[in-house]
Protein chains: 2
Amino acid sequence: MNLRPDQILPEQLRSCRSCPAAKGGICEGLGEEELSELSRIAHHRTIPAGQIIFSENEKPEFFANILSGTVRLTKALADGRQQIVGILFPPDFLGRAHGATNACFAEAATEVELCCYPAEAFRNLMQRFPGLEHRLYEKTLDELDAARDWMVLLGRKTAREKVASFLLVLARRARKAGCAVHGGDEGVTFELPLRRIDIADYLGLTIETVSRQITRLRSEGLVTTVGSGCMHAPSLAALAAAAGQDEDDRA
Amino acid sequence: MNLRPDQILPEQLRSCRSCPAAKGGICEGLGEEELSELSRIAHHRTIPAGQIIFSENEKPEFFANILSGTVRLTKALADGRQQIVGILFPPDFLGRAHGATNACFAEAATEVELCCYPAEAFRNLMQRFPGLEHRLYEKTLDELDAARDWMVLLGRKTAREKVASFLLVLARRARKAGCAVHGGDEGVTFELPLRRIDIADYLGLTIETVSRQITRLRSEGLVTTVGSGCMHAPSLAALAAAAGQDEDDRA
DNA sequence: CGGGTCATTGAACCATATCAAGTCCTGTGG
DNA sequence: CCACAGGACTTGATATGGTTCAATGACCCG
């Protein structure tokens, strides 16, 4: 299965052109040379739902772009209490590009497709191409902003606001993905890529409380259930109000 | 007061050599040229306790190294609820080096000394010197780790564990600053740079709960009060246990 | 149809918030 | 030096939002 570079390269580069993670991913804006070198060390991998992608305190073996699916980043206390500290969607980057060990667990919340780069080779490329490191830095700043928004949620929001905030994040993502340009406040239908237990671990609640609050938001007409694993929000503005959001906050 | 570069440079560079933020700061490991260019655009500033250093959603005018004092980064909900999303000490870097606006408020928790760089000039230097951006990226990754550790605290820890965790952070910092190499678990004396209200906003609690938990930890012998604004922890291991820490966790 | 997982609902409890006094500092002016 | 004013902190009593424990319901897959 080991192809020589000249055999594998054209195929890989072709796939880069149609990559779902090209827009917004770390590859965006890279030059021909960077992209070609990146594609040379890349390989795709599919990971079934529920599987651990890498573990905390482990030496990282690879970094990856997420091509499809949802990844949850978790940390746990000694007695088993868990907190989800990040959710990654395409075209997010997975892995801590510097440092000796992973800072948290990464698990496939759904089936996940990755475009993986061996750690050693990727770090070499980063040293050679400041533009690549620059893209990663920007992505990390965005992750830091998201983490801090979540700290506000965890520390200061009520259960209802927490659940509404979570649904709002999903709804906004879905709207952006559907790239609806209409500025109005029309409804959005979106998938729930997480089970109740994951939502609870993300929001610092119990599954029972999450369930009750979803029921409540439903009874208030802020969301409706569309079959299993799918919801519809008639008004993002109303949902944002329930989330205690700072108006224009994009989180 | 405007000096020509050849006049200001030697003085500035000399002060860089004895800079309290040199060890661990972004300047560490930079070459002569980088350092000299950085020093050329730098100016020092002292900010009294309680003053806002910059505001959320504002275009950043400068970035800075913290030379002394404590800075709190805060976010607020529309109705006034507040959450501290980060605490910065020397030699941390203050500011979001990319992006159009500040992501949160920065306030001087104590009197603060800064080494400021005008935003525009600093970003130019970053483009020219990948090594500088690399240092900043590493620092940002550390901040992200810290933010995620704090998410676990906010989402999953009890009030007692939260307060113990906070005191543990301060104690570990003080120990490291005193650079005690003795591996044993001796006591540490440290300052409390935050008032109760700040501690509460950092831990997602009320001041009353913070006060009660400190009283409780004191009565349990885990800490003692040393005058005003100073505490002593006889055993970091015991404090870590009360913090529900993952043993070797350095946060 | 049966067994498993996931989600919902109900009832009781408890940790933390809230409301309300008090106490301890610290600086200031007489 | 004392009196006292204001802020920061502590302590107490009560309320409550969210957890816990337990049962039930919905769905999927074999």
# chains A, B, ... in the order shown; residues from 1 in each chain; ligands from 1
call {"tool": "residues_around", "arguments": {"residues": "Ser235 in chain A", "least_positions_apart": "3", "cutoff": "6 Å", "atoms": "only C-alpha atoms (C1' of nucleotides)", "output": "list of chain:residue names"}}
result
A:Asp185, A:Glu186, A:Gly187, A:Ala238
call {"tool": "write_last_selection", "arguments": {"atoms": "N, CA and C atoms", "output": "PDB file, in the first residue's frame"}}
result
ATOM      1  N   ASP A 185     -34.615  37.222  10.109  1.00  0.00           N
ATOM      2  CA  ASP A 185     -34.505  36.285  11.207  1.00  0.00           C
ATOM      3  C   ASP A 185     -35.399  35.074  10.958  1.00  0.00           C
ATOM      4  N   GLU A 186     -35.148  34.404   9.833  1.00  0.00           N
ATOM      5  CA  GLU A 186     -35.960  33.227   9.539  1.00  0.00           C
ATOM      6  C   GLU A 186     -35.500  32.029  10.341  1.00  0.00           C
ATOM      7  N   GLY A 187     -36.329  31.018  10.376  1.00  0.00           N
ATOM      8  CA  GLY A 187     -36.014  29.837  11.140  1.00  0.00           C
ATOM      9  C   GLY A 187     -34.868  29.039  10.537  1.00  0.00           C
ATOM     10  N   ALA A 238     -35.132  35.200  19.049  1.00  0.00           N
ATOM     11  CA  ALA A 238     -35.810  34.766  20.271  1.00  0.00           C
ATOM     12  C   ALA A 238     -34.930  33.796  21.050  1.00  0.00           C
TER      13      ALA A 238
END
call {"tool": "interface_residues", "arguments": {"of": "chain A", "to": "chain D", "cutoff": "10 Å", "atoms": "only C-alpha atoms (C1' of nucleotides)", "output": "mmCIF file with C-alpha atoms, in the first residue's frame"}}
result
data_model
loop_
_atom_site.group_PDB
_atom_site.id
_atom_site.type_symbol
_atom_site.label_atom_id
_atom_site.label_comp_id
_atom_site.auth_asym_id
_atom_site.auth_seq_id
_atom_site.Cartn_x
_atom_site.Cartn_y
_atom_site.Cartn_z
ATOM 1 C CA THR A 158 -28.815 29.510 34.260
ATOM 2 C CA ALA A 159 -29.673 26.044 32.983
ATOM 3 C CA LEU A 205 -25.359 20.118 33.909
ATOM 4 C CA THR A 206 -26.963 16.700 34.361
ATOM 5 C CA GLU A 208 -32.069 15.293 33.489
ATOM 6 C CA THR A 209 -31.722 19.064 33.634
ATOM 7 C CA SER A 228 -34.837 12.193 15.859
#
call {"tool": "interface_residues", "arguments": {"of": "chain A", "to": "chain C", "cutoff": "9 Å", "atoms": "only C-alpha atoms (C1' of nucleotides)", "output": "compact mmCIF listing (two decimals) with N, CA and C atoms, in the first residue's frame"}}
result
# COMPACT_ATOMS: atom_id res chain seq x y z
N ARG A 195 -25.36 13.53 22.03
CA ARG A 195 -26.39 12.93 22.86
C ARG A 195 -26.57 13.79 24.11
N ARG A 196 -27.64 13.49 24.87
CA ARG A 196 -27.92 14.28 26.07
C ARG A 196 -26.75 14.30 27.04
N ILE A 207 -27.95 15.20 32.72
CA ILE A 207 -28.81 14.92 31.57
C ILE A 207 -30.27 15.24 31.89
N GLU A 208 -30.68 15.02 33.12
CA GLU A 208 -32.07 15.29 33.49
C GLU A 208 -32.39 16.78 33.30
N SER A 211 -32.61 17.66 29.65
CA SER A 211 -33.87 17.17 29.10
C SER A 211 -35.03 18.09 29.49
N ARG A 212 -35.09 18.44 30.76
CA ARG A 212 -36.17 19.33 31.23
C ARG A 212 -36.13 20.68 30.53
N THR A 215 -37.33 20.41 26.97
CA THR A 215 -38.80 20.32 27.01
C THR A 215 -39.41 21.70 27.21
call {"tool": "calpha_fit_and_write", "arguments": {"fixed": "chain B", "moving": "chain A", "output": "PDB file with C-alpha atoms, in the first residue's frame"}}
result
ATOM      1  CA  MET A   1       9.571  64.206  25.332  1.00  0.00           C
ATOM      2  CA  ASN A   2      10.050  62.730  21.838  1.00  0.00           C
ATOM      3  CA  LEU A   3      13.536  61.273  21.607  1.00  0.00           C
ATOM      4  CA  ARG A   4      15.203  60.329  18.349  1.00  0.00           C
ATOM      5  CA  PRO A   5      15.701  56.568  17.937  1.00  0.00           C
ATOM      6  CA  ASP A   6      19.442  56.814  18.502  1.00  0.00           C
ATOM      7  CA  GLN A   7      18.812  58.516  21.797  1.00  0.00           C
ATOM      8  CA  ILE A   8      16.117  56.216  23.066  1.00  0.00           C
ATOM      9  CA  LEU A   9      17.530  52.938  21.819  1.00  0.00           C
ATOM     10  CA  PRO A  10      20.460  52.335  24.154  1.00  0.00           C
ATOM     11  CA  GLU A  11      18.399  53.139  27.205  1.00  0.00           C
ATOM     12  CA  GLN A  12      15.608  50.829  26.075  1.00  0.00           C
ATOM     13  CA  LEU A  13      17.892  47.950  25.234  1.00  0.00           C
ATOM     14  CA  ARG A  14      19.637  48.283  28.552  1.00  0.00           C
ATOM     15  CA  SER A  15      16.285  48.038  30.267  1.00  0.00           C
ATOM     16  CA  CYS A  16      15.460  44.924  28.207  1.00  0.00           C
ATOM     17  CA  ARG A  17      18.511  43.209  29.659  1.00  0.00           C
ATOM     18  CA  SER A  18      17.210  43.637  33.170  1.00  0.00           C
ATOM     19  CA  CYS A  19      13.547  43.190  32.227  1.00  0.00           C
ATOM     20  CA  PRO A  20      11.497  41.244  34.792  1.00  0.00           C
ATOM     21  CA  ALA A  21       9.540  39.728  31.902  1.00  0.00           C
ATOM     22  CA  ALA A  22      12.615  38.483  30.030  1.00  0.00           C
ATOM     23  CA  LYS A  23      12.388  35.014  31.510  1.00  0.00           C
ATOM     24  CA  GLY A  24       9.330  33.294  30.083  1.00  0.00           C
ATOM     25  CA  GLY A  25       8.091  36.340  28.205  1.00  0.00           C
ATOM     26  CA  ILE A  26       7.734  36.719  24.467  1.00  0.00           C
ATOM     27  CA  CYS A  27      11.136  38.392  24.240  1.00  0.00           C
ATOM     28  CA  GLU A  28      12.900  35.290  25.462  1.00  0.00           C
ATOM     29  CA  GLY A  29      14.919  33.577  22.786  1.00  0.00           C
ATOM     30  CA  LEU A  30      14.626  36.398  20.287  1.00  0.00           C
ATOM     31  CA  GLY A  31      17.721  37.431  18.339  1.00  0.00           C
ATOM     32  CA  GLU A  32      19.558  40.740  18.736  1.00  0.00           C
ATOM     33  CA  GLU A  33      17.809  42.292  15.769  1.00  0.00           C
ATOM     34  CA  GLU A  34      14.315  41.301  16.849  1.00  0.00           C
ATOM     35  CA  LEU A  35      14.919  42.492  20.390  1.00  0.00           C
ATOM     36  CA  SER A  36      16.355  45.784  19.270  1.00  0.00           C
ATOM     37  CA  GLU A  37      13.434  46.483  16.940  1.00  0.00           C
ATOM     38  CA  LEU A  38      10.963  45.518  19.629  1.00  0.00           C
ATOM     39  CA  SER A  39      12.635  47.735  22.177  1.00  0.00           C
ATOM     40  CA  ARG A  40      12.553  50.626  19.722  1.00  0.00           C
ATOM     41  CA  ILE A  41       8.746  50.643  19.590  1.00  0.00           C
ATOM     42  CA  ALA A  42       8.265  49.881  23.295  1.00  0.00           C
ATOM     43  CA  HIS A  43       7.254  52.278  26.012  1.00  0.00           C
ATOM     44  CA  HIS A  44       6.479  51.645  29.666  1.00  0.00           C
ATOM     45  CA  ARG A  45       3.240  52.544  31.367  1.00  0.00           C
ATOM     46  CA  THR A  46       1.954  52.298  34.916  1.00  0.00           C
ATOM     47  CA  ILE A  47      -1.739  51.768  35.501  1.00  0.00           C
ATOM     48  CA  PRO A  48      -3.431  52.248  38.886  1.00  0.00           C
ATOM     49  CA  ALA A  49      -5.452  49.453  40.469  1.00  0.00           C
ATOM     50  CA  GLY A  50      -9.030  49.221  39.287  1.00  0.00           C
ATOM     51  CA  GLN A  51      -8.537  51.020  35.998  1.00  0.00           C
ATOM     52  CA  ILE A  52      -9.674  49.553  32.681  1.00  0.00           C
ATOM     53  CA  ILE A  53      -6.718  48.881  30.381  1.00  0.00           C
ATOM     54  CA  PHE A  54      -8.807  48.193  27.306  1.00  0.00           C
ATOM     55  CA  SER A  55     -12.418  47.329  26.506  1.00  0.00           C
ATOM     56  CA  GLU A  56     -14.228  44.586  24.657  1.00  0.00           C
ATOM     57  CA  ASN A  57     -15.090  45.151  20.973  1.00  0.00           C
ATOM     58  CA  GLU A  58     -12.610  48.002  20.839  1.00  0.00           C
ATOM     59  CA  LYS A  59      -9.909  48.210  18.201  1.00  0.00           C
ATOM     60  CA  PRO A  60      -6.674  47.403  20.043  1.00  0.00           C
ATOM     61  CA  GLU A  61      -4.256  50.337  20.257  1.00  0.00           C
ATOM     62  CA  PHE A  62      -1.408  48.453  21.845  1.00  0.00           C
ATOM     63  CA  PHE A  63      -0.215  45.108  23.119  1.00  0.00           C
ATOM     64  CA  ALA A  64       1.951  44.731  26.185  1.00  0.00           C
ATOM     65  CA  ASN A  65       4.131  42.597  28.359  1.00  0.00           C
ATOM     66  CA  ILE A  66       3.141  42.650  31.985  1.00  0.00           C
ATOM     67  CA  LEU A  67       6.124  43.686  34.090  1.00  0.00           C
ATOM     68  CA  SER A  68       4.439  43.740  37.485  1.00  0.00           C
ATOM     69  CA  GLY A  69       0.986  43.507  39.002  1.00  0.00           C
ATOM     70  CA  THR A  70      -2.088  41.464  38.124  1.00  0.00           C
ATOM     71  CA  VAL A  71      -4.494  41.936  35.210  1.00  0.00           C
ATOM     72  CA  ARG A  72      -7.968  40.460  35.080  1.00  0.00           C
ATOM     73  CA  LEU A  73      -9.708  39.674  31.791  1.00  0.00           C
ATOM     74  CA  THR A  74     -13.482  39.858  32.096  1.00  0.00           C
ATOM     75  CA  LYS A  75     -16.609  39.310  30.085  1.00  0.00           C
ATOM     76  CA  ALA A  76     -20.078  40.412  31.082  1.00  0.00           C
ATOM     77  CA  LEU A  77     -23.649  39.500  30.194  1.00  0.00           C
ATOM     78  CA  ALA A  78     -26.136  42.170  29.228  1.00  0.00           C
ATOM     79  CA  ASP A  79     -27.672  42.268  32.706  1.00  0.00           C
ATOM     80  CA  GLY A  80     -24.362  42.833  34.469  1.00  0.00           C
ATOM     81  CA  ARG A  81     -23.397  39.317  35.513  1.00  0.00           C
ATOM     82  CA  GLN A  82     -19.643  39.082  35.214  1.00  0.00           C
ATOM     83  CA  GLN A  83     -17.127  36.339  34.680  1.00  0.00           C
ATOM     84  CA  ILE A  84     -13.375  36.661  34.888  1.00  0.00           C
ATOM     85  CA  VAL A  85     -12.039  34.616  31.972  1.00  0.00           C
ATOM     86  CA  GLY A  86      -8.352  35.007  32.687  1.00  0.00           C
ATOM     87  CA  ILE A  87      -5.810  36.332  35.144  1.00  0.00           C
ATOM     88  CA  LEU A  88      -2.473  37.570  33.852  1.00  0.00           C
ATOM     89  CA  PHE A  89       0.765  37.903  35.819  1.00  0.00           C
ATOM     90  CA  PRO A  90       4.280  38.824  34.724  1.00  0.00           C
ATOM     91  CA  PRO A  91       5.626  37.861  32.245  1.00  0.00           C
ATOM     92  CA  ASP A  92       2.333  37.252  30.410  1.00  0.00           C
ATOM     93  CA  PHE A  93       1.440  38.988  27.174  1.00  0.00           C
ATOM     94  CA  LEU A  94      -1.646  41.189  27.092  1.00  0.00           C
ATOM     95  CA  GLY A  95      -3.736  41.527  23.955  1.00  0.00           C
ATOM     96  CA  ARG A  96      -5.059  39.570  21.026  1.00  0.00           C
ATOM     97  CA  ALA A  97      -2.340  39.839  18.430  1.00  0.00           C
ATOM     98  CA  HIS A  98      -4.672  39.135  15.493  1.00  0.00           C
ATOM     99  CA  GLY A  99      -8.217  40.133  14.761  1.00  0.00           C
ATOM    100  CA  ALA A 100      -9.993  43.451  14.560  1.00  0.00           C
ATOM    101  CA  THR A 101     -11.199  43.875  18.130  1.00  0.00           C
ATOM    102  CA  ASN A 102     -10.479  42.922  21.714  1.00  0.00           C
ATOM    103  CA  ALA A 103     -12.379  39.861  22.888  1.00  0.00           C
ATOM    104  CA  CYS A 104     -12.780  40.974  26.507  1.00  0.00           C
ATOM    105  CA  PHE A 105     -12.125  43.704  29.023  1.00  0.00           C
ATOM    106  CA  ALA A 106      -8.691  44.000  30.626  1.00  0.00           C
ATOM    107  CA  GLU A 107      -8.575  45.651  34.036  1.00  0.00           C
ATOM    108  CA  ALA A 108      -5.780  46.286  36.480  1.00  0.00           C
ATOM    109  CA  ALA A 109      -6.551  44.148  39.539  1.00  0.00           C
ATOM    110  CA  THR A 110      -3.579  45.722  41.302  1.00  0.00           C
ATOM    111  CA  GLU A 111      -1.299  48.506  40.165  1.00  0.00           C
ATOM    112  CA  VAL A 112       0.210  47.259  36.910  1.00  0.00           C
ATOM    113  CA  GLU A 113       3.392  48.083  35.005  1.00  0.00           C
ATOM    114  CA  LEU A 114       3.285  47.398  31.279  1.00  0.00           C
ATOM    115  CA  CYS A 115       5.808  47.385  28.460  1.00  0.00           C
ATOM    116  CA  CYS A 116       3.545  48.523  25.596  1.00  0.00           C
ATOM    117  CA  TYR A 117       3.921  48.084  21.855  1.00  0.00           C
ATOM    118  CA  PRO A 118       1.743  50.108  19.448  1.00  0.00           C
ATOM    119  CA  ALA A 119      -0.563  47.638  17.690  1.00  0.00           C
ATOM    120  CA  GLU A 120       0.280  48.572  14.128  1.00  0.00           C
ATOM    121  CA  ALA A 121       4.042  48.513  14.600  1.00  0.00           C
ATOM    122  CA  PHE A 122       3.911  45.297  16.591  1.00  0.00           C
ATOM    123  CA  ARG A 123       1.931  43.508  13.907  1.00  0.00           C
ATOM    124  CA  ASN A 124       4.459  44.583  11.340  1.00  0.00           C
ATOM    125  CA  LEU A 125       7.245  43.122  13.414  1.00  0.00           C
ATOM    126  CA  MET A 126       5.294  39.901  13.803  1.00  0.00           C
ATOM    127  CA  GLN A 127       5.056  39.579  10.041  1.00  0.00           C
ATOM    128  CA  ARG A 128       8.757  40.149   9.638  1.00  0.00           C
ATOM    129  CA  PHE A 129       9.862  37.885  12.486  1.00  0.00           C
ATOM    130  CA  PRO A 130       8.211  34.434  12.509  1.00  0.00           C
ATOM    131  CA  GLY A 131      10.103  33.674  15.706  1.00  0.00           C
ATOM    132  CA  LEU A 132       8.136  36.364  17.493  1.00  0.00           C
ATOM    133  CA  GLU A 133       4.831  35.030  16.254  1.00  0.00           C
ATOM    134  CA  HIS A 134       5.942  31.561  17.265  1.00  0.00           C
ATOM    135  CA  ARG A 135       6.509  32.671  20.879  1.00  0.00           C
ATOM    136  CA  LEU A 136       3.089  34.307  20.938  1.00  0.00           C
ATOM    137  CA  TYR A 137       1.485  31.193  19.531  1.00  0.00           C
ATOM    138  CA  GLU A 138       3.001  29.057  22.277  1.00  0.00           C
ATOM    139  CA  LYS A 139       1.783  31.509  24.911  1.00  0.00           C
ATOM    140  CA  THR A 140      -1.699  31.417  23.415  1.00  0.00           C
ATOM    141  CA  LEU A 141      -1.735  27.623  23.539  1.00  0.00           C
ATOM    142  CA  ASP A 142      -0.887  27.836  27.237  1.00  0.00           C
ATOM    143  CA  GLU A 143      -3.715  30.304  27.753  1.00  0.00           C
ATOM    144  CA  LEU A 144      -6.073  27.939  25.944  1.00  0.00           C
ATOM    145  CA  ASP A 145      -5.011  25.078  28.223  1.00  0.00           C
ATOM    146  CA  ALA A 146      -5.575  27.262  31.272  1.00  0.00           C
ATOM    147  CA  ALA A 147      -8.984  28.331  29.983  1.00  0.00           C
ATOM    148  CA  ARG A 148     -10.004  24.705  29.492  1.00  0.00           C
ATOM    149  CA  ASP A 149      -8.803  23.698  32.930  1.00  0.00           C
ATOM    150  CA  TRP A 150     -10.950  26.521  34.223  1.00  0.00           C
ATOM    151  CA  MET A 151     -13.936  25.223  32.259  1.00  0.00           C
ATOM    152  CA  VAL A 152     -13.660  21.968  34.201  1.00  0.00           C
ATOM    153  CA  LEU A 153     -13.552  23.951  37.418  1.00  0.00           C
ATOM    154  CA  LEU A 154     -16.557  26.097  36.490  1.00  0.00           C
ATOM    155  CA  GLY A 155     -18.661  23.250  35.156  1.00  0.00           C
ATOM    156  CA  ARG A 156     -17.893  20.406  37.504  1.00  0.00           C
ATOM    157  CA  LYS A 157     -16.248  21.432  40.775  1.00  0.00           C
ATOM    158  CA  THR A 158     -17.936  22.184  44.105  1.00  0.00           C
ATOM    159  CA  ALA A 159     -17.511  25.550  45.800  1.00  0.00           C
ATOM    160  CA  ARG A 160     -14.907  24.128  48.177  1.00  0.00           C
ATOM    161  CA  GLU A 161     -12.928  22.602  45.319  1.00  0.00           C
ATOM    162  CA  LYS A 162     -13.148  25.830  43.358  1.00  0.00           C
ATOM    163  CA  VAL A 163     -11.728  27.945  46.166  1.00  0.00           C
ATOM    164  CA  ALA A 164      -9.043  25.375  46.958  1.00  0.00           C
ATOM    165  CA  SER A 165      -8.093  25.249  43.258  1.00  0.00           C
ATOM    166  CA  PHE A 166      -7.762  28.999  43.134  1.00  0.00           C
ATOM    167  CA  LEU A 167      -5.554  29.146  46.206  1.00  0.00           C
ATOM    168  CA  LEU A 168      -3.511  26.296  44.790  1.00  0.00           C
ATOM    169  CA  VAL A 169      -2.836  28.229  41.586  1.00  0.00           C
ATOM    170  CA  LEU A 170      -1.571  31.179  43.613  1.00  0.00           C
ATOM    171  CA  ALA A 171       0.502  28.969  45.906  1.00  0.00           C
ATOM    172  CA  ARG A 172       2.126  27.139  42.998  1.00  0.00           C
ATOM    173  CA  ARG A 173       2.908  30.408  41.302  1.00  0.00           C
ATOM    174  CA  ALA A 174       4.502  31.785  44.449  1.00  0.00           C
ATOM    175  CA  ARG A 175       6.551  28.638  44.919  1.00  0.00           C
ATOM    176  CA  LYS A 176       7.786  28.762  41.345  1.00  0.00           C
ATOM    177  CA  ALA A 177       8.624  32.446  41.640  1.00  0.00           C
ATOM    178  CA  GLY A 178      10.591  31.767  44.816  1.00  0.00           C
ATOM    179  CA  CYS A 179      12.125  29.031  42.653  1.00  0.00           C
ATOM    180  CA  ALA A 180      12.414  26.695  45.604  1.00  0.00           C
ATOM    181  CA  VAL A 181      14.016  23.589  44.164  1.00  0.00           C
ATOM    182  CA  HIS A 182      13.407  21.430  47.223  1.00  0.00           C
ATOM    183  CA  GLY A 183      11.070  18.749  45.955  1.00  0.00           C
ATOM    184  CA  GLY A 184       9.360  18.242  49.282  1.00  0.00           C
ATOM    185  CA  ASP A 185       5.864  19.403  50.065  1.00  0.00           C
ATOM    186  CA  GLU A 186       6.744  22.327  52.283  1.00  0.00           C
ATOM    187  CA  GLY A 187       4.410  25.188  52.941  1.00  0.00           C
ATOM    188  CA  VAL A 188       4.146  28.262  50.763  1.00  0.00           C
ATOM    189  CA  THR A 189       3.200  31.813  51.646  1.00  0.00           C
ATOM    190  CA  PHE A 190       1.547  33.808  48.909  1.00  0.00           C
ATOM    191  CA  GLU A 191      -0.297  37.040  48.226  1.00  0.00           C
ATOM    192  CA  LEU A 192      -3.953  37.328  47.316  1.00  0.00           C
ATOM    193  CA  PRO A 193      -3.938  39.851  44.464  1.00  0.00           C
ATOM    194  CA  LEU A 194      -7.726  39.748  44.112  1.00  0.00           C
ATOM    195  CA  ARG A 195     -10.552  40.924  46.300  1.00  0.00           C
ATOM    196  CA  ARG A 196     -13.416  38.606  47.227  1.00  0.00           C
ATOM    197  CA  ILE A 197     -15.613  39.961  44.474  1.00  0.00           C
ATOM    198  CA  ASP A 198     -12.943  39.152  41.882  1.00  0.00           C
ATOM    199  CA  ILE A 199     -12.387  35.674  43.257  1.00  0.00           C
ATOM    200  CA  ALA A 200     -16.137  35.127  43.090  1.00  0.00           C
ATOM    201  CA  ASP A 201     -16.263  36.327  39.491  1.00  0.00           C
ATOM    202  CA  TYR A 202     -13.342  34.073  38.634  1.00  0.00           C
ATOM    203  CA  LEU A 203     -14.881  30.985  40.233  1.00  0.00           C
ATOM    204  CA  GLY A 204     -18.484  31.512  39.209  1.00  0.00           C
ATOM    205  CA  LEU A 205     -19.630  31.969  42.818  1.00  0.00           C
ATOM    206  CA  THR A 206     -20.900  34.745  45.085  1.00  0.00           C
ATOM    207  CA  ILE A 207     -18.644  36.610  47.499  1.00  0.00           C
ATOM    208  CA  GLU A 208     -20.533  35.090  50.429  1.00  0.00           C
ATOM    209  CA  THR A 209     -19.802  31.561  49.259  1.00  0.00           C
ATOM    210  CA  VAL A 210     -16.148  32.397  48.656  1.00  0.00           C
ATOM    211  CA  SER A 211     -15.887  33.835  52.135  1.00  0.00           C
ATOM    212  CA  ARG A 212     -17.540  30.799  53.720  1.00  0.00           C
ATOM    213  CA  GLN A 213     -15.313  28.363  51.866  1.00  0.00           C
ATOM    214  CA  ILE A 214     -12.144  30.240  52.798  1.00  0.00           C
ATOM    215  CA  THR A 215     -13.291  30.163  56.411  1.00  0.00           C
ATOM    216  CA  ARG A 216     -13.899  26.467  56.048  1.00  0.00           C
ATOM    217  CA  LEU A 217     -10.497  25.712  54.506  1.00  0.00           C
ATOM    218  CA  ARG A 218      -8.945  27.750  57.292  1.00  0.00           C
ATOM    219  CA  SER A 219     -10.810  25.810  59.965  1.00  0.00           C
ATOM    220  CA  GLU A 220      -9.652  22.601  58.295  1.00  0.00           C
ATOM    221  CA  GLY A 221      -6.063  23.790  58.597  1.00  0.00           C
ATOM    222  CA  LEU A 222      -5.436  23.804  54.841  1.00  0.00           C
ATOM    223  CA  VAL A 223      -4.554  27.498  54.863  1.00  0.00           C
ATOM    224  CA  THR A 224      -3.846  30.173  57.441  1.00  0.00           C
ATOM    225  CA  THR A 225      -4.173  33.926  57.103  1.00  0.00           C
ATOM    226  CA  VAL A 226      -0.957  35.914  57.319  1.00  0.00           C
ATOM    227  CA  GLY A 227      -2.008  39.493  57.860  1.00  0.00           C
ATOM    228  CA  SER A 228      -4.172  41.186  55.249  1.00  0.00           C
ATOM    229  CA  GLY A 229      -3.924  39.946  51.677  1.00  0.00           C
ATOM    230  CA  CYS A 230      -1.507  37.163  52.469  1.00  0.00           C
ATOM    231  CA  MET A 231      -2.030  33.461  53.112  1.00  0.00           C
ATOM    232  CA  HIS A 232       0.022  30.423  53.955  1.00  0.00           C
ATOM    233  CA  ALA A 233      -0.610  26.852  52.799  1.00  0.00           C
ATOM    234  CA  PRO A 234       1.220  24.285  54.960  1.00  0.00           C
ATOM    235  CA  SER A 235       0.855  21.530  52.356  1.00  0.00           C
ATOM    236  CA  LEU A 236       0.303  21.923  48.654  1.00  0.00           C
ATOM    237  CA  ALA A 237      -0.522  18.239  48.403  1.00  0.00           C
ATOM    238  CA  ALA A 238      -3.342  18.592  50.917  1.00  0.00           C
ATOM    239  CA  LEU A 239      -4.601  21.676  49.102  1.00  0.00           C
ATOM    240  CA  ALA A 240      -4.455  19.853  45.774  1.00  0.00           C
ATOM    241  CA  ALA A 241      -6.495  17.007  47.252  1.00  0.00           C
ATOM    242  CA  ALA A 242      -9.127  19.498  48.406  1.00  0.00           C
ATOM    243  CA  ALA A 243      -9.087  20.989  44.921  1.00  0.00           C
ATOM    244  CA  GLY A 244     -10.064  17.657  43.386  1.00  0.00           C
ATOM    245  CA  GLN A 245      -6.957  17.901  41.252  1.00  0.00           C
ATOM    246  CA  ASP A 246      -5.692  15.201  38.920  1.00  0.00           C
ATOM    247  CA  GLU A 247      -2.543  14.652  41.022  1.00  0.00           C
ATOM    248  CA  ASP A 248       0.229  16.024  38.808  1.00  0.00           C
ATOM    249  CA  ASP A 249      -1.930  18.681  37.204  1.00  0.00           C
ATOM    250  CA  ARG A 250       0.104  21.846  37.040  1.00  0.00           C
ATOM    251  CA  ALA A 251      -2.705  24.299  36.440  1.00  0.00           C
TER     252      ALA A 251
END
